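This report refers to the structure that appears directly beneath it.
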Amino acid sequence: MNDVAIVAAGQSKFGKRTDAGLRNLAFEAVKDLVEHADNISLKEDIDATVIGVAGDEFNGQGAPAAVLIDEIGMVGKPTIRVESACATGTAAIKTAYSLVKSGLHDTVLVVGVEKMTAVSTAKATELMARAGDIRWEYPFGCTFPGFYALMATKHMEEYGTTKEMLSSVSVKNHFYGAKNPKAHLRKEITLEEAMNSIMIAHPLNLYDCSLISDGAAAVVVTKADLAKKYTDTPIYVRGIGSGSDTMQISRRPSLTSLTGARIAAQAAYKMAGVGPEDIDLAEVHDCFTIAEIIAYEDLGFAKPGEGGKLALEGQTYIGGKVAVNVDGGLKSKGHPLGATGVSQAYEIFRQLRGEVASEGRQVDGAEIGLSHNVGQTGQFVNVIIYGR
Amino acid sequence: MNDVAIVAAGQSKFGKRTDAGLRNLAFEAVKDLVEHADNISLKEDIDATVIGVAGDEFNGQGAPAAVLIDEIGMVGKPTIRVESACATGTAAIKTAYSLVKSGLHDTVLVVGVEKMTAVSTAKATELMARAGDIRWEYPFGCTFPGFYALMATKHMEEYGTTKEMLSSVSVKNHFYGAKNPKAHLRKEITLEEAMNSIMIAHPLNLYDCSLISDGAAAVVVTKADLAKKYTDTPIYVRGIGSGSDTMQISRRPSLTSLTGARIAAQAAYKMAGVGPEDIDLAEVHDCFTIAEIIAYEDLGFAKPGEGGKLALEGQTYIGGKVAVNVDGGLKSKGHPLGATGVSQAYEIFRQLRGEVASEGRQVDGAEIGLSHNVGQTGQFVNVIIYGR
Amino acid sequence: MKKFGYVSVEHYVPFMQEFAEELEKGNIIATKCKTCGTEYFPPREECGNCYSTDMEKIKIEPEGTLVTYTIIHVPPESHANMAPYIVAVGEFNNGLRTMAHLVGVTSMDDLKVGRKIKIVVQKLENDRIVYKFVPA
Amino acid sequence: MKKFGYVSVEHYVPFMQEFAEELEKGNIIATKCKTCGTEYFPPREECGNCYSTDMEKIKIEPEGTLVTYTIIHVPPESHANMAPYIVAVGEFNNGLRTMAHLVGVTSMDDLKVGRKIKIVVQKLENDRIVYKFVPA
Ligand SMILES: [Zn+2]
Ligand SMILES: [Zn+2]
């Protein structure tokens, strides 16, 4: 335990970044990391990079890691690109953890990035739909919101989860996103606005859906015994768990929980030696409001079927049972696929170091943070637990 | 050293596989692995998978690892897809090594696969060209053969490397590929045929270029102290080295050597505690004949500029200085991008266990094998050294 | 050559062509592994449970249950002019589930999770063929 | 909006638009980091050496050297009707290298590695613009 640490983190502004291509976004995150790092020289201290990019087709560049490491000055050093759909960012961190812990590389720079808005929304929707089974589900035009809507319908039917509960998640995440200077959509919304926005995939409306965003995030992962050389306040990786699920969502016995997330959470808690009650703040994968509610249940913050109530009662605001997505989450901060899991680490890194106070959304005294990152509809899930 | 072992390996037939999609190819490699494994149950013994696929667009399936792990019965278990262009396969093995050595997972199944022939050759050429810099080199229509042709021109100019030397590589690789039942193009060719085939990108002609193939390969990677449970004759990973290079080939100071390959080789030799003279057989990345000649030099089998002579003298046949690509190499065996690096491991696994004798291409008493896998034009290079 | 579904992007393997041909005859085919008995629907030509390729065809009975549904209002590019449409999950043969469009809905009652549905074959334009759910 | 090269697939950032506009004026622009002095050609708006974004434009002098070349006979889909064409690497300003088509070749001597070349701007159809090499 505590063998691997994060010693620096950075993030670009998320948003519809007409000013920036894939390479510029990665650079911006790394530059932000460099400017906020305590005592690290990328040129001298980094031994390898891991690049997280989910989709080539959004941007057109094949094998994108090559151009990215050149842009950020890492030419010559080993690099690997990893991809796990929307869980790409945590897959990159897990890979970096392994490279470090295995002894292959001492210090690894992780960059997660996605440029999604260069294509039309219809095209982006198309590309994301193709991450569903192209043989048996894509031919029916089921979109990403559609997949989660199938779960929402079932969750509502089985547990009495209401539209109001779904919308409460959105209201909370916008509340915090408005305070996050790097968030894509910085505005508070009312419950009424959330409930009455245009329908995307029944029962999910516009405010139930995360944004299509451009953005990047970066962290430096190193051996614990080197960590203090780079910063006085490293954050340690205490647990990593991963799970997966059937390709076809229709084949799953349960549509109200992500089996892969339960497997991942259990493994991460076990490795970290903590339970849900120990988590001070959680970054969960709210690609859709229903996904955050299911995450509460899969992570053990609520019993099965009671996630909606937790949201409605405001128990996932700061000061509640557990602070969830107080950076705005995918909903308001944005969801550049490859960046998301790394951005979760970025947020937890800053929260555990007490660096978010000036933004009015610091979880005071946070000691343990959890990152829950879901690819597609649970075919890839990584849960990572970080501690001071 | 010797902490991580390969205990089982399998491969699909490589070729233009109109009968098989991406998922079928992966299944075929895993089935082959299962049928040849000594004592392993994938269901019980595998803790996670690493999937190597280079390009989504060849096949249309986004986030392909999800459908592949479902097809091969690994649902529920952790998975990561890795990509490093044509070096994807070894990136997957390196990732699996790290996951095992780090202690996160004990036993990992690696599957490398690519379905390339579903699109036209022009489209495949286009997609591979887009792995070059889409901003500064793709706009000039430089193909993959074109990139290597730029190196060939320079190598010929600088060292007097001849067309005959290039073609000798092709003749050798076809000689061995003809003996490999899983090779794509199983026919011997004469030096004359090789030298007079149609021009693709001057000075490289058809027989200088590797094939566009469908195929898959799989290996099981585990902790050394579990290895003997699965087989009496595990093969150990003794060294791994990686390097990279500038995105734009035009910016490189040298065009007669791959800097990333030199970095990777040096690191792998150092970790393994061996040198070029200790290598009994090498699987090198002969995407083009010039690439194999440069590999001889980068790996230290020949001095700079003398790789062509090594080929011409037949020193890389079995019985020569070092046996290179005696499975046919990318040239004759085929080059399904994600599968190639895993197929190199498959070949070395079988050679070091003495299992290729019946095919008439066994390197007798081989103790140490080297895998050299290059992504794009050296932006990703992995060198892995395996030993008995 | 018949193709399955409203759109497709992947290479069409012989197995899928056979599946589409059976559909044309009105047969909705699942597969069952002769070695370990695992049933696959949608069908597979390979068993991920025991790595056998010795599979037999079994038929999907038309009567089933609506597991869940959604109404797609914002479609992907490939379905640009079709929205809104209902995508649903149905269960057949006591446990085999698949996705399809649900059509013929005339009241909210037709959308009740758990209600009886039928799976039917429908030919489309452009030599395409598909199965659909209808309220039973 | 001008675009650089014969084809492009990526989102066109303002920096590339500026580059194309300068090309139109006949200026082939490289960049130099004001902080650490690193020069970039093709140009960049960001310094990968010191992470500064404070860059100045510098001009590429037209006289250069042919580093290497190839003749593309089998082109990618996007260049389907252009083959054969010569793709070359040229060196300018004593050490800055880039790729471009080499045109105006009349003898084998024009293809000699190390020979003098010039880099010139050429407007293409469809509002595209490019630089090319010609034997000097
Ligand atoms: Zn079976
Ligand atoms: Zn600088």
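Order determines the names: the first chain of the structure tokens is A, the second B, and so forth; residues in each chain are numbered 1 upward, and ligands are numbered 1 upward as they are shown.
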Among stretch 341-376 of chain B, which residues carry a DSSP assignment of helix (DSSP H, G or I), reported as an NGL selection string? :B and (341-352 or 357-359)
Could you make a table, as CSV, of the residues of chain A that have an atom within 12 Å of an atom of ligand 2, each with its nearest atom pair and distance in Å to one decimal, counting only C-alpha atoms and all ligand atoms, in chain and number order?
residue,atom,partner,partner_atom_place_in_ligand_line,distance
A:Lys31,CA,ligand 2,1 (Zn),11.7
A:Glu71,CA,ligand 2,1 (Zn),11.8
A:Ile72,CA,ligand 2,1 (Zn),11.1
A:Gly73,CA,ligand 2,1 (Zn),10.1
Chain B residues within 9 Å of chain C, counting only C-alpha atoms: which ones, as a list in words?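 Written out as asked, the residues are Thr18, Asp19, Ala20, Gly21, Leu22, Asn24, Phe27, Glu28, Val30, Lys31, Val34, Lys43, Phe58, Asn59, Gly60, Gln61, Ile69, Asp70, Glu71, Ile72, Gly73, Met74, Lys115, Thr117, Ala118 and Val119 of chain B.
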Write out as an MDAnalysis selection string the residues lying within 12 Å of B:Tyr317, counting only C-alpha atoms and excluding same-chain residues fewer than 3 positions away. chainID B and resid 168:176 280:282 310:314 320:328 361:363
May I have the residues of chain A within 6 Å of chain B, counting only C-alpha atoms, written as a ChimeraX atom specification? /A:61-63,66-67,70,75-78,80-85,98-99,101-102,130-131,134,242-247,260,379
Enumerate the residues of stretch 11-134 of chain C with a DSSP assignment of strand (DSSP E), computed from the backbone, and present them as a ChimeraX atom specification. /C:29-33,39-40,55-59,63-72,85-92,96-102,116-123,128-134
Put those residues in a file: N, CA and C atoms, as a short mmCIF file (atom, residue, chain, number, x, y, z; two decimals), in the first residue's frame.
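Full text of out_26.cif as output:
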data_model
loop_
_atom_site.label_atom_id
_atom_site.label_comp_id
_atom_site.auth_asym_id
_atom_site.auth_seq_id
_atom_site.Cartn_x
_atom_site.Cartn_y
_atom_site.Cartn_z
N ILE C 29 -32.95 -17.05 -35.22
CA ILE C 29 -32.06 -18.12 -34.78
C ILE C 29 -31.19 -17.70 -33.61
N ALA C 30 -31.12 -18.54 -32.61
CA ALA C 30 -30.11 -18.43 -31.56
C ALA C 30 -29.18 -19.62 -31.73
N THR C 31 -28.10 -19.68 -30.95
CA THR C 31 -27.23 -20.85 -31.05
C THR C 31 -27.00 -21.45 -29.67
N LYS C 32 -26.65 -22.72 -29.68
CA LYS C 32 -26.41 -23.44 -28.43
C LYS C 32 -25.15 -24.27 -28.61
N CYS C 33 -24.28 -24.20 -27.64
CA CYS C 33 -23.03 -24.95 -27.71
C CYS C 33 -23.31 -26.42 -27.46
N GLU C 39 -26.32 -21.16 -24.23
CA GLU C 39 -27.15 -20.62 -25.32
C GLU C 39 -26.78 -19.16 -25.57
N TYR C 40 -26.76 -18.80 -26.83
CA TYR C 40 -26.39 -17.44 -27.21
C TYR C 40 -27.48 -16.79 -28.06
N MET C 55 -21.51 -25.66 -32.66
CA MET C 55 -22.74 -25.02 -32.20
C MET C 55 -23.94 -25.52 -32.99
N GLU C 56 -25.11 -25.59 -32.35
CA GLU C 56 -26.32 -25.89 -33.12
C GLU C 56 -27.26 -24.69 -33.09
N LYS C 57 -28.09 -24.62 -34.10
CA LYS C 57 -29.07 -23.53 -34.17
C LYS C 57 -30.28 -23.89 -33.32
N ILE C 58 -30.79 -22.93 -32.58
CA ILE C 58 -32.08 -23.13 -31.93
C ILE C 58 -32.99 -21.97 -32.32
N LYS C 59 -34.29 -22.19 -32.20
CA LYS C 59 -35.24 -21.16 -32.63
C LYS C 59 -35.70 -20.31 -31.47
N GLU C 63 -43.10 -15.38 -28.51
CA GLU C 63 -43.68 -14.69 -27.35
C GLU C 63 -42.60 -14.34 -26.34
N GLY C 64 -42.62 -13.10 -25.88
CA GLY C 64 -41.63 -12.68 -24.90
C GLY C 64 -42.14 -11.56 -24.01
N THR C 65 -41.20 -10.95 -23.30
CA THR C 65 -41.53 -9.93 -22.30
C THR C 65 -40.72 -8.68 -22.56
N LEU C 66 -41.36 -7.53 -22.35
CA LEU C 66 -40.64 -6.25 -22.47
C LEU C 66 -39.81 -6.00 -21.20
N VAL C 67 -38.50 -5.93 -21.35
CA VAL C 67 -37.62 -5.74 -20.18
C VAL C 67 -37.48 -4.26 -19.86
N THR C 68 -37.23 -3.46 -20.88
CA THR C 68 -37.13 -2.01 -20.69
C THR C 68 -37.13 -1.36 -22.07
N TYR C 69 -37.23 -0.03 -22.09
CA TYR C 69 -37.29 0.67 -23.38
C TYR C 69 -36.83 2.11 -23.20
N THR C 70 -36.57 2.73 -24.34
CA THR C 70 -36.33 4.18 -24.38
C THR C 70 -36.90 4.71 -25.69
N ILE C 71 -37.17 5.99 -25.73
CA ILE C 71 -37.59 6.62 -26.98
C ILE C 71 -36.47 7.55 -27.41
N ILE C 72 -35.87 7.23 -28.55
CA ILE C 72 -34.73 8.02 -29.03
C ILE C 72 -35.27 9.26 -29.76
N TYR C 85 -37.94 7.04 -32.30
CA TYR C 85 -38.22 5.60 -32.39
C TYR C 85 -37.96 4.97 -31.03
N ILE C 86 -38.62 3.85 -30.81
CA ILE C 86 -38.51 3.19 -29.51
C ILE C 86 -37.52 2.05 -29.61
N VAL C 87 -36.49 2.10 -28.80
CA VAL C 87 -35.53 1.00 -28.70
C VAL C 87 -35.85 0.26 -27.40
N ALA C 88 -35.98 -1.04 -27.50
CA ALA C 88 -36.38 -1.82 -26.33
C ALA C 88 -35.51 -3.06 -26.16
N VAL C 89 -35.57 -3.62 -24.96
CA VAL C 89 -34.95 -4.92 -24.69
C VAL C 89 -36.08 -5.90 -24.41
N GLY C 90 -36.03 -7.04 -25.10
CA GLY C 90 -37.05 -8.07 -24.89
C GLY C 90 -36.42 -9.36 -24.44
N GLU C 91 -37.17 -10.13 -23.65
CA GLU C 91 -36.67 -11.44 -23.20
C GLU C 91 -37.50 -12.56 -23.82
N PHE C 92 -36.81 -13.59 -24.33
CA PHE C 92 -37.48 -14.70 -25.02
C PHE C 92 -36.92 -16.03 -24.52
N LEU C 96 -33.38 -15.41 -22.75
CA LEU C 96 -32.53 -14.87 -23.81
C LEU C 96 -33.01 -13.47 -24.17
N ARG C 97 -32.11 -12.52 -24.08
CA ARG C 97 -32.50 -11.12 -24.27
C ARG C 97 -31.82 -10.49 -25.48
N THR C 98 -32.56 -9.62 -26.13
CA THR C 98 -31.96 -8.88 -27.23
C THR C 98 -32.58 -7.49 -27.35
N MET C 99 -31.96 -6.67 -28.17
CA MET C 99 -32.45 -5.32 -28.43
C MET C 99 -33.16 -5.28 -29.78
N ALA C 100 -34.21 -4.47 -29.87
CA ALA C 100 -34.87 -4.22 -31.16
C ALA C 100 -35.75 -2.99 -31.02
N HIS C 101 -36.25 -2.52 -32.15
CA HIS C 101 -37.25 -1.46 -32.10
C HIS C 101 -38.57 -2.06 -31.66
N LEU C 102 -39.31 -1.30 -30.86
CA LEU C 102 -40.67 -1.67 -30.46
C LEU C 102 -41.61 -0.81 -31.29
N LYS C 116 -46.32 -8.39 -22.19
CA LYS C 116 -46.03 -9.40 -23.22
C LYS C 116 -45.78 -8.71 -24.57
N ILE C 117 -44.81 -9.21 -25.27
CA ILE C 117 -44.52 -8.71 -26.62
C ILE C 117 -44.27 -9.90 -27.54
N LYS C 118 -44.27 -9.61 -28.82
CA LYS C 118 -43.87 -10.63 -29.79
C LYS C 118 -42.68 -10.11 -30.58
N ILE C 119 -41.85 -11.03 -31.03
CA ILE C 119 -40.74 -10.65 -31.91
C ILE C 119 -41.10 -11.10 -33.31
N VAL C 120 -41.00 -10.16 -34.25
CA VAL C 120 -41.40 -10.45 -35.63
C VAL C 120 -40.31 -10.01 -36.59
N VAL C 121 -40.30 -10.63 -37.76
CA VAL C 121 -39.31 -10.29 -38.78
C VAL C 121 -39.89 -9.24 -39.70
N GLN C 122 -39.10 -8.27 -40.09
CA GLN C 122 -39.57 -7.32 -41.08
C GLN C 122 -38.50 -7.04 -42.12
N LYS C 123 -38.88 -7.12 -43.38
CA LYS C 123 -37.95 -6.78 -44.46
C LYS C 123 -37.91 -5.26 -44.61
N ARG C 128 -32.26 -5.02 -46.73
CA ARG C 128 -32.01 -5.17 -45.30
C ARG C 128 -33.18 -5.90 -44.64
N ILE C 129 -32.87 -6.51 -43.51
CA ILE C 129 -33.89 -7.25 -42.79
C ILE C 129 -33.63 -7.11 -41.31
N VAL C 130 -34.70 -7.19 -40.52
CA VAL C 130 -34.54 -6.88 -39.11
C VAL C 130 -35.61 -7.63 -38.32
N TYR C 131 -35.39 -7.80 -37.02
CA TYR C 131 -36.50 -8.23 -36.18
C TYR C 131 -36.98 -7.07 -35.35
N LYS C 132 -38.26 -7.12 -34.99
CA LYS C 132 -38.88 -6.03 -34.24
C LYS C 132 -39.73 -6.61 -33.13
N PHE C 133 -40.02 -5.78 -32.15
CA PHE C 133 -40.97 -6.16 -31.11
C PHE C 133 -42.30 -5.47 -31.39
N VAL C 134 -43.39 -6.17 -31.11
CA VAL C 134 -44.72 -5.54 -31.14
C VAL C 134 -45.46 -5.97 -29.88
#
So the first atom is atom CA of A:Asp208 and the second is atom CA of C:Met82; what is the distance between them in Å, to one decimal place? 22.4 Å
